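Data from entry10.tsv: TSV, C-alpha atoms and all ligand atoms
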chain	number	residue	atom	x	y	z
Y	705	MET	CA	108.92	194.08	-35.19
Y	706	SER	CA	106.82	192.17	-32.62
Y	707	GLY	CA	103.99	193.75	-30.59
Y	708	GLY	CA	106.35	194.04	-27.61
Y	709	ASP	CA	108.89	195.84	-29.76
Y	710	ASP	CA	106.25	198.32	-30.89
Y	711	PHE	CA	105.50	199.05	-27.29
Y	712	LEU	CA	109.18	199.48	-26.36
Y	713	ALA	CA	109.68	201.89	-29.27
Y	714	ALA	CA	107.32	204.28	-27.49
Y	715	TYR	CA	109.65	204.32	-24.44
Y	716	GLU	CA	112.66	205.37	-26.51
Y	717	THR	CA	110.80	208.12	-28.36
Y	718	PRO	CA	110.82	211.47	-26.57
Y	719	ARG	CA	107.95	213.93	-26.44
Y	720	LEU	CA	109.01	217.48	-27.11
Y	721	ALA	CA	107.80	219.94	-24.47
Y	722	ARG	CA	108.19	223.71	-24.79
Y	723	LEU	CA	109.27	224.95	-21.36
Y	724	ALA	CA	109.80	228.59	-22.45
Y	725	PRO	CA	109.58	230.42	-25.80
Y	726	ASN	CA	113.23	229.52	-26.52
Y	727	LEU	CA	113.55	226.29	-24.49
Y	728	PHE	CA	112.53	222.80	-25.61
Y	729	ALA	CA	112.80	219.57	-23.63
Y	730	ALA	CA	113.11	216.11	-25.21
Y	731	CYS	CA	111.30	214.07	-22.54
Y	732	PHE	CA	112.10	210.36	-22.63
Y	733	PRO	CA	110.09	207.72	-20.81
Y	734	LEU	CA	113.34	205.67	-20.73
Y	735	MET	CA	116.15	207.13	-22.85
Y	736	LYS	CA	118.48	204.17	-22.34
Y	737	LEU	CA	116.28	201.98	-24.53
Y	738	LEU	CA	117.57	203.90	-27.53
Y	739	PRO	CA	121.28	202.98	-27.16
Y	740	ALA	CA	120.48	199.53	-25.71
Y	741	ARG	CA	118.41	198.55	-28.73
Y	742	PHE	CA	120.91	200.06	-31.18
Y	743	MET	CA	123.88	198.27	-29.57
Y	744	LEU	CA	122.13	194.90	-29.55
Y	745	GLU	CA	121.00	195.26	-33.15
Y	746	ARG	CA	124.47	196.28	-34.34
Y	747	ALA	CA	126.01	193.34	-32.50
Y	748	GLN	CA	123.52	190.96	-34.08
Y	749	ALA	CA	124.12	192.46	-37.51
Y	750	ASP	CA	127.87	191.81	-37.39
Y	751	GLY	CA	127.71	188.45	-35.63
Y	752	ARG	CA	128.94	189.45	-32.14
Y	753	LEU	CA	125.56	188.38	-30.73
Y	754	ARG	CA	123.40	185.53	-31.91
Y	755	SER	CA	119.64	185.49	-31.62
Y	756	GLY	CA	118.73	184.52	-28.03
Y	757	GLY	CA	122.42	184.57	-27.05
Y	758	PRO	CA	123.98	185.67	-23.76
Y	759	VAL	CA	124.40	189.36	-22.91
Y	760	ALA	CA	126.07	190.75	-19.76
Y	761	GLU	CA	126.52	194.32	-18.55
Y	762	THR	CA	127.38	196.33	-15.46
Y	763	THR	CA	124.76	198.98	-14.71
Y	764	SER	CA	123.64	201.54	-12.17
Y	765	GLY	CA	120.01	201.12	-13.13
Y	766	THR	CA	118.37	202.48	-16.21
Y	767	PHE	CA	120.65	200.91	-18.83
Y	768	GLY	CA	120.13	197.54	-17.13
Y	769	LEU	CA	116.38	198.10	-17.09
Y	770	ALA	CA	116.43	198.91	-20.81
Y	771	LEU	CA	118.46	195.77	-21.56
Y	772	ALA	CA	116.15	193.66	-19.42
Y	773	MET	CA	113.07	194.96	-21.25
Y	774	LEU	CA	114.70	194.16	-24.60
Y	775	ALA	CA	115.90	190.77	-23.37
Y	776	ALA	CA	112.37	189.88	-22.28
Y	777	VAL	CA	110.85	190.85	-25.62
Y	778	ARG	CA	113.61	189.51	-27.86
Y	779	GLY	CA	114.58	186.46	-25.84
Y	780	PHE	CA	118.19	187.24	-24.86
Y	781	ASP	CA	119.82	185.61	-21.87
Y	782	LEU	CA	120.80	188.62	-19.74
Y	783	THR	CA	123.10	188.92	-16.70
Y	784	LEU	CA	123.44	192.28	-14.94
Y	785	VAL	CA	125.99	193.34	-12.33
Y	786	SER	CA	125.17	196.25	-10.03
Y	787	ALA	CA	125.78	197.55	-6.50
Y	788	ALA	CA	123.57	197.59	-3.40
Y	789	SER	CA	123.59	201.41	-3.21
Y	790	LEU	CA	122.37	201.69	-6.82
Y	791	ILE	CA	119.59	199.15	-7.13
Y	792	ASN	CA	116.81	198.92	-4.57
Y	793	ASP	CA	114.68	195.83	-4.01
Y	794	THR	CA	111.87	197.08	-6.22
Y	795	LEU	CA	114.14	197.54	-9.23
Y	796	ARG	CA	115.98	194.31	-8.55
Y	797	ARG	CA	112.68	192.40	-8.47
Y	798	ARG	CA	111.58	194.11	-11.66
Y	799	LEU	CA	114.80	193.12	-13.44
Y	800	GLU	CA	114.48	189.55	-12.23
Y	801	PHE	CA	110.83	189.45	-13.21
Y	802	LEU	CA	111.92	190.44	-16.71
Y	803	GLY	CA	114.15	187.36	-16.68
Y	804	ALA	CA	117.58	188.89	-15.94
Y	805	ILE	CA	120.09	187.28	-13.58
Y	806	VAL	CA	121.18	190.08	-11.24
Y	807	HIS	CA	124.48	190.16	-9.29
Y	808	ILE	CA	124.60	192.80	-6.55
Y	809	ILE	CA	127.95	193.88	-5.09
Y	810	ASP	CA	127.87	195.18	-1.52
Y	811	ASP	CA	129.08	198.79	-1.26
Y	812	PRO	CA	128.41	200.03	2.29
Y	813	GLU	CA	130.26	203.29	1.51
Y	814	GLY	CA	127.81	204.01	-1.33
Y	815	SER	CA	130.66	204.18	-3.84
Y	816	GLY	CA	128.79	202.33	-6.59
Y	817	ALA	CA	131.63	199.73	-6.61
Y	818	GLN	CA	132.45	200.46	-10.24
Y	819	ARG	CA	135.76	198.57	-10.24
Y	820	GLU	CA	134.40	195.55	-8.35
Y	821	ARG	CA	131.47	195.41	-10.76
Y	822	LEU	CA	133.86	195.31	-13.71
Y	823	ASP	CA	135.86	192.53	-12.05
Y	824	ARG	CA	132.69	190.48	-11.56
Y	825	LEU	CA	131.65	191.10	-15.15
Y	826	ASN	CA	135.05	189.99	-16.41
Y	827	ALA	CA	134.69	186.76	-14.48
Y	828	ILE	CA	131.29	186.19	-16.13
Y	829	LEU	CA	132.78	186.87	-19.58
Y	830	LYS	CA	135.65	184.48	-18.89
Y	831	ASP	CA	133.19	181.80	-17.94
Y	832	ARG	CA	131.10	182.27	-21.09
Y	833	PRO	CA	133.31	183.82	-23.75
Y	834	GLU	CA	130.47	183.96	-26.32
Y	835	THR	CA	128.71	186.54	-24.12
Y	836	PHE	CA	128.09	189.94	-25.71
Y	837	TRP	CA	129.10	192.85	-23.49
Y	838	PRO	CA	127.47	196.08	-24.77
Y	839	ARG	CA	130.06	198.27	-22.93
Y	840	GLN	CA	127.92	201.37	-22.81
Y	841	TYR	CA	130.84	203.43	-21.50
Y	842	ASP	CA	133.15	202.81	-24.42
Y	843	ASN	CA	131.11	201.35	-27.29
Y	844	PRO	CA	130.78	204.15	-29.91
Y	845	ASP	CA	127.39	202.68	-30.88
Y	846	ASN	CA	126.10	204.24	-27.65
Y	847	ARG	CA	126.77	207.69	-29.14
Y	848	LEU	CA	125.71	206.74	-32.66
Y	849	ALA	CA	122.29	205.62	-31.41
Y	850	TYR	CA	121.42	209.29	-30.88
Y	851	GLY	CA	121.37	210.12	-34.59
Y	852	ARG	CA	117.65	209.50	-34.32
Y	853	LEU	CA	117.24	212.03	-31.54
Y	854	ALA	CA	119.26	214.64	-33.45
Y	855	GLU	CA	117.09	214.09	-36.52
Y	856	GLY	CA	113.89	214.34	-34.47
Y	857	ILE	CA	115.07	217.59	-32.83
Y	858	THR	CA	116.02	219.12	-36.17
Y	859	HIS	CA	112.76	218.01	-37.75
Y	860	GLU	CA	110.59	219.41	-34.95
Y	861	ILE	CA	112.53	222.52	-33.96
Y	862	GLY	CA	114.87	223.46	-36.81
Y	863	HIS	CA	117.93	225.48	-35.84
Y	864	VAL	CA	119.39	224.75	-32.39
Y	865	ASP	CA	121.94	226.99	-30.63
Y	866	CYS	CA	122.55	225.11	-27.41
Y	867	LEU	CA	122.21	221.49	-26.23
Y	868	VAL	CA	122.12	220.68	-22.51
Y	869	GLY	CA	122.40	217.10	-21.28
Y	870	CYS	CA	123.36	214.95	-18.32
Y	871	VAL	CA	126.58	213.00	-18.52
Y	872	GLY	CA	127.01	209.46	-17.20
Y	873	SER	CA	128.44	207.46	-20.08
Y	874	GLY	CA	128.56	210.57	-22.28
Y	875	GLY	CA	126.54	208.79	-24.98
Y	876	SER	CA	123.45	210.99	-25.06
Y	877	LEU	CA	125.11	214.43	-24.88
Y	878	CYS	CA	128.13	213.68	-27.09
Y	879	GLY	CA	126.13	211.51	-29.49
Y	880	THR	CA	123.28	213.97	-30.02
Y	881	GLY	CA	125.65	216.94	-29.92
Y	882	GLY	CA	128.00	215.33	-32.44
Y	883	PHE	CA	125.22	214.98	-35.01
Y	884	LEU	CA	123.75	218.43	-34.28
Y	885	ARG	CA	127.15	220.10	-34.58
Y	886	GLU	CA	127.51	218.71	-38.10
Y	887	LEU	CA	124.40	220.75	-38.94
Y	888	PHE	CA	124.98	223.71	-36.61
Y	889	PRO	CA	128.75	224.13	-36.11
Y	890	GLU	CA	128.24	226.96	-33.60
Y	891	LEU	CA	126.23	224.70	-31.27
Y	892	THR	CA	127.04	225.25	-27.59
Y	893	MET	CA	127.18	222.00	-25.59
Y	894	ILE	CA	126.62	222.07	-21.85
Y	895	ALA	CA	127.37	218.98	-19.74
Y	896	VAL	CA	125.50	218.40	-16.48
Y	897	ASP	CA	127.46	216.46	-13.85
Y	898	THR	CA	127.34	216.31	-10.05
Y	899	HIS	CA	129.82	216.87	-7.20
Y	900	ARG	CA	132.27	214.02	-6.53
Y	901	SER	CA	131.84	212.49	-9.97
Y	902	VAL	CA	135.23	212.10	-11.64
Y	903	LEU	CA	133.99	212.94	-15.17
Y	904	PHE	CA	135.30	216.51	-15.18
Y	905	GLY	CA	138.03	216.13	-12.60
Y	906	HIS	CA	136.49	215.85	-9.11
Y	907	ALA	CA	137.90	213.23	-6.76
Y	908	ALA	CA	135.48	210.29	-6.47
Y	909	GLY	CA	133.18	210.34	-3.45
Y	910	ARG	CA	129.67	209.63	-2.23
Y	911	ARG	CA	127.00	210.98	-4.58
Y	912	LEU	CA	123.34	211.31	-3.69
Y	913	LEU	CA	122.25	212.16	-7.23
Y	914	ARG	CA	122.60	208.95	-9.27
Y	915	GLY	CA	122.19	208.15	-12.95
Y	916	LEU	CA	124.48	210.96	-14.05
Y	917	GLY	CA	128.11	211.30	-12.96
Y	918	ASN	CA	130.55	208.43	-12.77
Y	919	SER	CA	133.46	207.10	-10.74
Y	920	ILE	CA	135.36	206.09	-13.88
Y	921	VAL	CA	135.84	208.07	-17.08
Y	922	PRO	CA	134.14	206.53	-20.12
Y	923	SER	CA	135.56	207.15	-23.57
Y	924	ASN	CA	132.07	208.02	-24.85
Y	925	LEU	CA	132.53	211.29	-22.97
Y	926	ARG	CA	134.33	213.54	-25.47
Y	927	HIS	CA	135.62	216.39	-23.31
Y	928	GLU	CA	136.80	218.29	-26.36
Y	929	MET	CA	133.16	218.77	-27.45
Y	930	VAL	CA	132.01	220.38	-24.20
Y	931	ASP	CA	131.79	224.17	-23.84
Y	932	GLU	CA	130.65	224.33	-20.25
Y	933	VAL	CA	130.20	221.95	-17.32
Y	934	HIS	CA	127.72	222.34	-14.44
Y	935	TRP	CA	127.92	220.38	-11.19
Y	936	VAL	CA	124.42	220.20	-9.75
Y	937	GLY	CA	123.98	218.91	-6.20
Y	938	ALA	CA	121.23	216.40	-5.43
Y	939	LEU	CA	119.01	218.88	-3.58
Y	940	PRO	CA	118.64	221.51	-6.32
Y	941	ALA	CA	118.16	218.62	-8.79
Y	942	PHE	CA	115.30	217.20	-6.71
Y	943	GLY	CA	113.74	220.67	-6.31
Y	944	SER	CA	113.95	221.24	-10.04
Y	945	ALA	CA	112.29	217.87	-10.76
Y	946	HIS	CA	109.43	218.94	-8.48
Y	947	ARG	CA	109.09	222.22	-10.39
Y	948	LEU	CA	108.98	220.40	-13.74
Y	949	HIS	CA	106.08	218.44	-12.34
Y	950	HIS	CA	104.34	221.39	-10.70
Y	951	ASP	CA	104.81	223.95	-13.47
Y	952	HIS	CA	104.70	221.77	-16.60
Y	953	ALA	CA	103.05	218.50	-15.47
Y	954	LEU	CA	106.23	216.68	-16.53
Y	955	PHE	CA	106.82	213.83	-14.10
Y	956	MET	CA	110.54	213.20	-14.59
Y	957	GLY	CA	113.47	211.71	-12.68
Y	958	PRO	CA	116.06	213.69	-10.69
Y	959	THR	CA	118.69	213.83	-13.45
Y	960	SER	CA	116.06	215.47	-15.64
Y	961	GLY	CA	115.63	217.98	-12.83
Y	962	ALA	CA	119.36	218.76	-12.87
Y	963	ALA	CA	119.44	219.19	-16.65
Y	964	ALA	CA	116.27	221.32	-16.71
Y	965	LEU	CA	117.69	223.62	-14.01
Y	966	VAL	CA	120.78	224.31	-16.09
Y	967	ALA	CA	118.88	224.62	-19.38
Y	968	ALA	CA	116.31	227.07	-17.95
Y	969	TRP	CA	119.13	229.26	-16.62
Y	970	HIS	CA	120.92	229.22	-19.99
Y	971	ALA	CA	117.70	229.99	-21.87
Y	972	ARG	CA	116.99	232.96	-19.56
Y	973	LYS	CA	120.51	234.29	-20.09
Y	974	HIS	CA	120.32	233.88	-23.87
Y	975	PRO	CA	116.76	234.81	-24.90
Y	976	GLU	CA	117.80	235.06	-28.56
Y	977	ALA	CA	119.13	231.48	-28.65
Y	978	VAL	CA	117.20	228.20	-28.99
Y	979	THR	CA	118.13	225.76	-26.20
Y	980	VAL	CA	117.25	222.07	-26.18
Y	981	VAL	CA	117.56	219.88	-23.08
Y	982	ILE	CA	117.52	216.07	-22.92
Y	983	LEU	CA	115.42	214.65	-20.03
Y	984	PRO	CA	116.41	210.97	-19.62
Y	985	ASP	CA	113.63	209.27	-17.65
Y	986	GLU	CA	110.26	209.56	-15.90
Y	987	GLY	CA	109.58	209.89	-12.18
Y	988	HIS	CA	107.93	206.52	-11.45
Y	989	ARG	CA	111.13	204.84	-10.23
Y	990	TYR	CA	111.65	207.67	-7.74
Y	991	GLN	CA	108.19	207.80	-6.13
Y	992	ASN	CA	109.57	206.47	-2.82
Y	993	THR	CA	112.54	208.80	-2.77
Y	994	VAL	CA	112.66	212.06	-4.72
Y	995	TYR	CA	108.86	212.38	-4.66
Y	996	ASP	CA	108.39	211.21	-1.06
Y	997	ASP	CA	108.11	213.93	1.60
Y	998	GLU	CA	109.34	211.73	4.45
Y	999	TRP	CA	112.39	210.54	2.55
Y	1000	LEU	CA	113.18	214.13	1.57
Y	1001	ALA	CA	112.69	215.47	5.12
Y	1002	ALA	CA	115.45	213.15	6.36
Y	1003	LEU	CA	117.99	214.73	3.99
Y	1004	ASP	CA	120.51	217.15	5.41
Y	1005	GLY	CA	119.73	220.57	3.93
Y	1006	TRP	CA	116.21	219.83	2.68
Y	1007	PRO	CA	114.19	221.85	1.78
Y	1008	VAL	CA	116.75	223.78	-0.20
Y	1009	ALA	CA	116.16	227.34	-1.37
Y	1010	ALA	CA	116.06	227.07	-5.16
Y	1011	PRO	CA	119.18	228.75	-6.54
Y	1012	ASP	CA	118.50	231.11	-9.48
Y	1013	GLU	CA	121.92	230.72	-10.93
Y	1014	PRO	CA	125.11	228.70	-10.51
Y	1015	GLU	CA	128.27	229.93	-8.89
Y	1016	THR	CA	130.90	230.34	-11.60
Y	1017	LEU	CA	134.19	228.69	-10.59
Y	1018	ASP	CA	137.66	229.35	-11.91
Y	1019	ARG	CA	139.00	225.96	-10.89
Y	1020	ILE	CA	137.69	222.44	-10.48
Y	1021	GLU	CA	136.35	221.89	-6.97
Y	1022	ALA	CA	133.58	219.79	-5.42
Y	1023	ARG	CA	130.91	221.30	-3.17
Y	1024	GLY	CA	128.01	220.15	-0.99
Y	1025	GLU	CA	124.76	218.56	-2.17
Y	1026	SER	CA	122.88	221.91	-1.92
Y	1027	GLU	CA	125.19	223.67	-4.35
Y	1028	TRP	CA	125.21	224.32	-8.08
Y	1029	THR	CA	128.46	225.38	-9.72
Y	1030	ARG	CA	129.70	225.90	-13.27
Y	1031	LEU	CA	133.01	226.09	-15.11
Y	1032	VAL	CA	133.69	227.29	-18.64
Y	1033	TRP	CA	135.33	224.17	-20.06
Y	1034	ASP	CA	136.05	225.60	-23.50
Y	1035	ARG	CA	136.30	222.32	-25.43
Y	1036	LYS	CA	139.49	221.32	-23.63
Y	1037	PRO	CA	140.61	217.69	-23.89
Y	1038	ALA	CA	140.34	215.48	-20.82
Y	1039	PRO	CA	142.44	216.88	-17.96
Y	1040	THR	CA	145.79	215.23	-17.37
Y	1041	MET	CA	144.66	213.22	-14.36
Y	1042	ILE	CA	141.76	211.82	-16.35
Y	1043	LYS	CA	144.10	210.92	-19.21
Y	1044	ALA	CA	146.40	209.16	-16.78
Y	1045	GLU	CA	143.49	207.11	-15.49
Y	1046	ARG	CA	142.46	206.20	-19.03
Y	1047	GLY	CA	146.07	205.25	-19.80
Y	1048	VAL	CA	146.39	207.62	-22.78
L	1101	LIG	C1	118.52	208.58	-15.34
L	1101	LIG	C2	119.77	208.88	-16.14
L	1101	LIG	N1	120.07	210.13	-16.43
L	1101	LIG	C3	121.18	210.44	-17.12
L	1101	LIG	C4	122.05	209.49	-17.58
L	1101	LIG	C5	123.30	209.87	-18.34
L	1101	LIG	O1	123.20	209.55	-19.71
L	1101	LIG	P1	124.45	209.09	-20.56
L	1101	LIG	O2	124.87	207.74	-20.08
L	1101	LIG	O3	123.94	209.07	-21.96
L	1101	LIG	O4	125.56	210.08	-20.38
L	1101	LIG	C6	121.76	208.16	-17.30
L	1101	LIG	C7	122.69	207.12	-17.72
L	1101	LIG	O5	122.58	205.97	-17.36
L	1101	LIG	C8	120.60	207.85	-16.55
L	1101	LIG	O6	120.30	206.57	-16.25
Just give me the structure as structure tokens.
Amino acid sequence: MSGGDDFLAAYETPRLARLAPNLFAACFPLMKLLPARFMLERAQADGRLRSGGPVAETTSGTFGLALAMLAAVRGFDLTLVSAASLINDTLRRRLEFLGAIVHIIDDPEGSGAQRERLDRLNAILKDRPETFWPRQYDNPDNRLAYGRLAEGITHEIGHVDCLVGCVGSGGSLCGTGGFLRELFPELTMIAVDTHRSVLFGHAAGRRLLRGLGNSIVPSNLRHEMVDEVHWVGALPAFGSAHRLHHDHALFMGPTSGAAALVAAWHARKHPEAVTVVILPDEGHRYQNTVYDDEWLAALDGWPVAAPDEPETLDRIEARGESEWTRLVWDRKPAPTMIKAERGV
């Protein structure tokens, strides 16, 4: 391990914070380093990636940043494909500074241009067939990387009754939950999504809360593992991130805010149960947005009155960015429309 690798290891190692007597948070500086490193190492081990070889991926931000940090330290030749609504100039410059080639697709509607990004990536792969594509959405190594987190949680906390986590690729929640459920078969798993993400059946649409949610359904999301899904709008997620900072001095990103909101509610409702929540990244990237008063003041509906609890739905429906809803999913397989999209 080089000096740079030592330093990166600190980013993928969470600190455990106790938010309430029965609520623990695994706070990552940059969670995506964990699966990124694991996927690259596995690919090198079985010959899919040679030392210093080409790597390409489509990303909405943090996975690309993790790959770029690893590429800089380990000398890979990295190409990233993203969309204008997902990557601002600051992040783009940072990725390029780390040595990555960055392709940005225009998406004036703010859709994230998931399909167009995949098309561009396929063209890159066709051009250089020796390129390794980590495929965070479908590569099972994404989930398997979280064995380390499950071990750390078990070592530090012991028995866990409930795991709460954001869902984008599904890797962190389903990976960590898969290992924990081997140890604690009764484990409740709660997925945190946002309105107009297709992961649990909403129609795709503009999303203000990014990093979690998706406009395609990755196979690393195992619907049949999930007990309950929460759709948290951007505004309550931002408010919750502020409270994490104010009440616990935890400076975390907005998806952490969404997950913490749900986990705190569950922990209050189940004082006898131990709840663990995964907080995926820190707040630095969001200083000019989620932590900026002017940016917030321009948002429709801000400031939002902090909801104490979600509205429980009996059917899948999207709401506005101020709302927080929940549905008992009951470990059902992917809904039919999602299966159709996946072609299964
Ligand atoms: C900031 C942030 N939060 C949450 C997630 C969702 O994690 P996962 O992809 O493991 O489902 C991501 C994924 O990229 C992310 O970048």
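Coordinates place CA of Thr1029 in chain Y at a distance of 5.7 Å from CA of His934 in chain Y.
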I'd like a table as JSON lines: residues in chain Y with an atom no more than 6 Å from ligand LIG 1101 (chain L), each row giving the shortest atom pair and its distance in Å to one decimal, all atoms listed in the file counted, sorted by chain and rising residue number.
{"residue": "Y:Thr766", "atom": "CA", "partner": "L:LIG1101", "partner_atom": "O6", "distance": 4.5}
{"residue": "Y:Phe767", "atom": "CA", "partner": "L:LIG1101", "partner_atom": "O5", "distance": 5.6}
{"residue": "Y:Cys870", "atom": "CA", "partner": "L:LIG1101", "partner_atom": "C5", "distance": 5.1}
{"residue": "Y:Val871", "atom": "CA", "partner": "L:LIG1101", "partner_atom": "O4", "distance": 3.6}
{"residue": "Y:Gly872", "atom": "CA", "partner": "L:LIG1101", "partner_atom": "O4", "distance": 3.5}
{"residue": "Y:Ser873", "atom": "CA", "partner": "L:LIG1101", "partner_atom": "O2", "distance": 3.6}
{"residue": "Y:Gly874", "atom": "CA", "partner": "L:LIG1101", "partner_atom": "O4", "distance": 3.6}
{"residue": "Y:Gly875", "atom": "CA", "partner": "L:LIG1101", "partner_atom": "O3", "distance": 4.0}
{"residue": "Y:Ser876", "atom": "CA", "partner": "L:LIG1101", "partner_atom": "O3", "distance": 3.7}
{"residue": "Y:Gly915", "atom": "CA", "partner": "L:LIG1101", "partner_atom": "C8", "distance": 3.9}
{"residue": "Y:Leu916", "atom": "CA", "partner": "L:LIG1101", "partner_atom": "C4", "distance": 4.5}
{"residue": "Y:Thr959", "atom": "CA", "partner": "L:LIG1101", "partner_atom": "N1", "distance": 4.9}
{"residue": "Y:Pro984", "atom": "CA", "partner": "L:LIG1101", "partner_atom": "N1", "distance": 4.9}
{"residue": "Y:Asp985", "atom": "CA", "partner": "L:LIG1101", "partner_atom": "C1", "distance": 5.5}
Counting all atoms listed in the file, I want the residues whose atoms come within 12 Å of (118.4, 215.9, -32.9) in the file frame, returned as JSON, numbers by chain. {"Y": [717, 718, 720, 728, 729, 730, 848, 849, 850, 851, 852, 853, 854, 855, 856, 857, 858, 859, 860, 861, 862, 863, 864, 865, 866, 867, 876, 877, 878, 879, 880, 881, 882, 883, 884, 885, 886, 887, 888, 891, 979, 980, 981, 982]}
Among Y:Asp951, Y:Glu1025, Y:Asp997, Y:Glu761, Leu825 in chain Y is approached most closely, using only C-alpha atoms, by Y:Glu761
What does the distance from CA of Gly987 in chain Y to CA of Cys731 in chain Y come to in Å, to one decimal?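 These atoms are spaced 11.3 Å apart.
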Protein/DNA/RNA residues near (123.9, 230.0, -14.2), cut 7 Å, only C-alpha atoms, as a PyMOL selection string: chain Y and resi 966+969-970+1013-1015
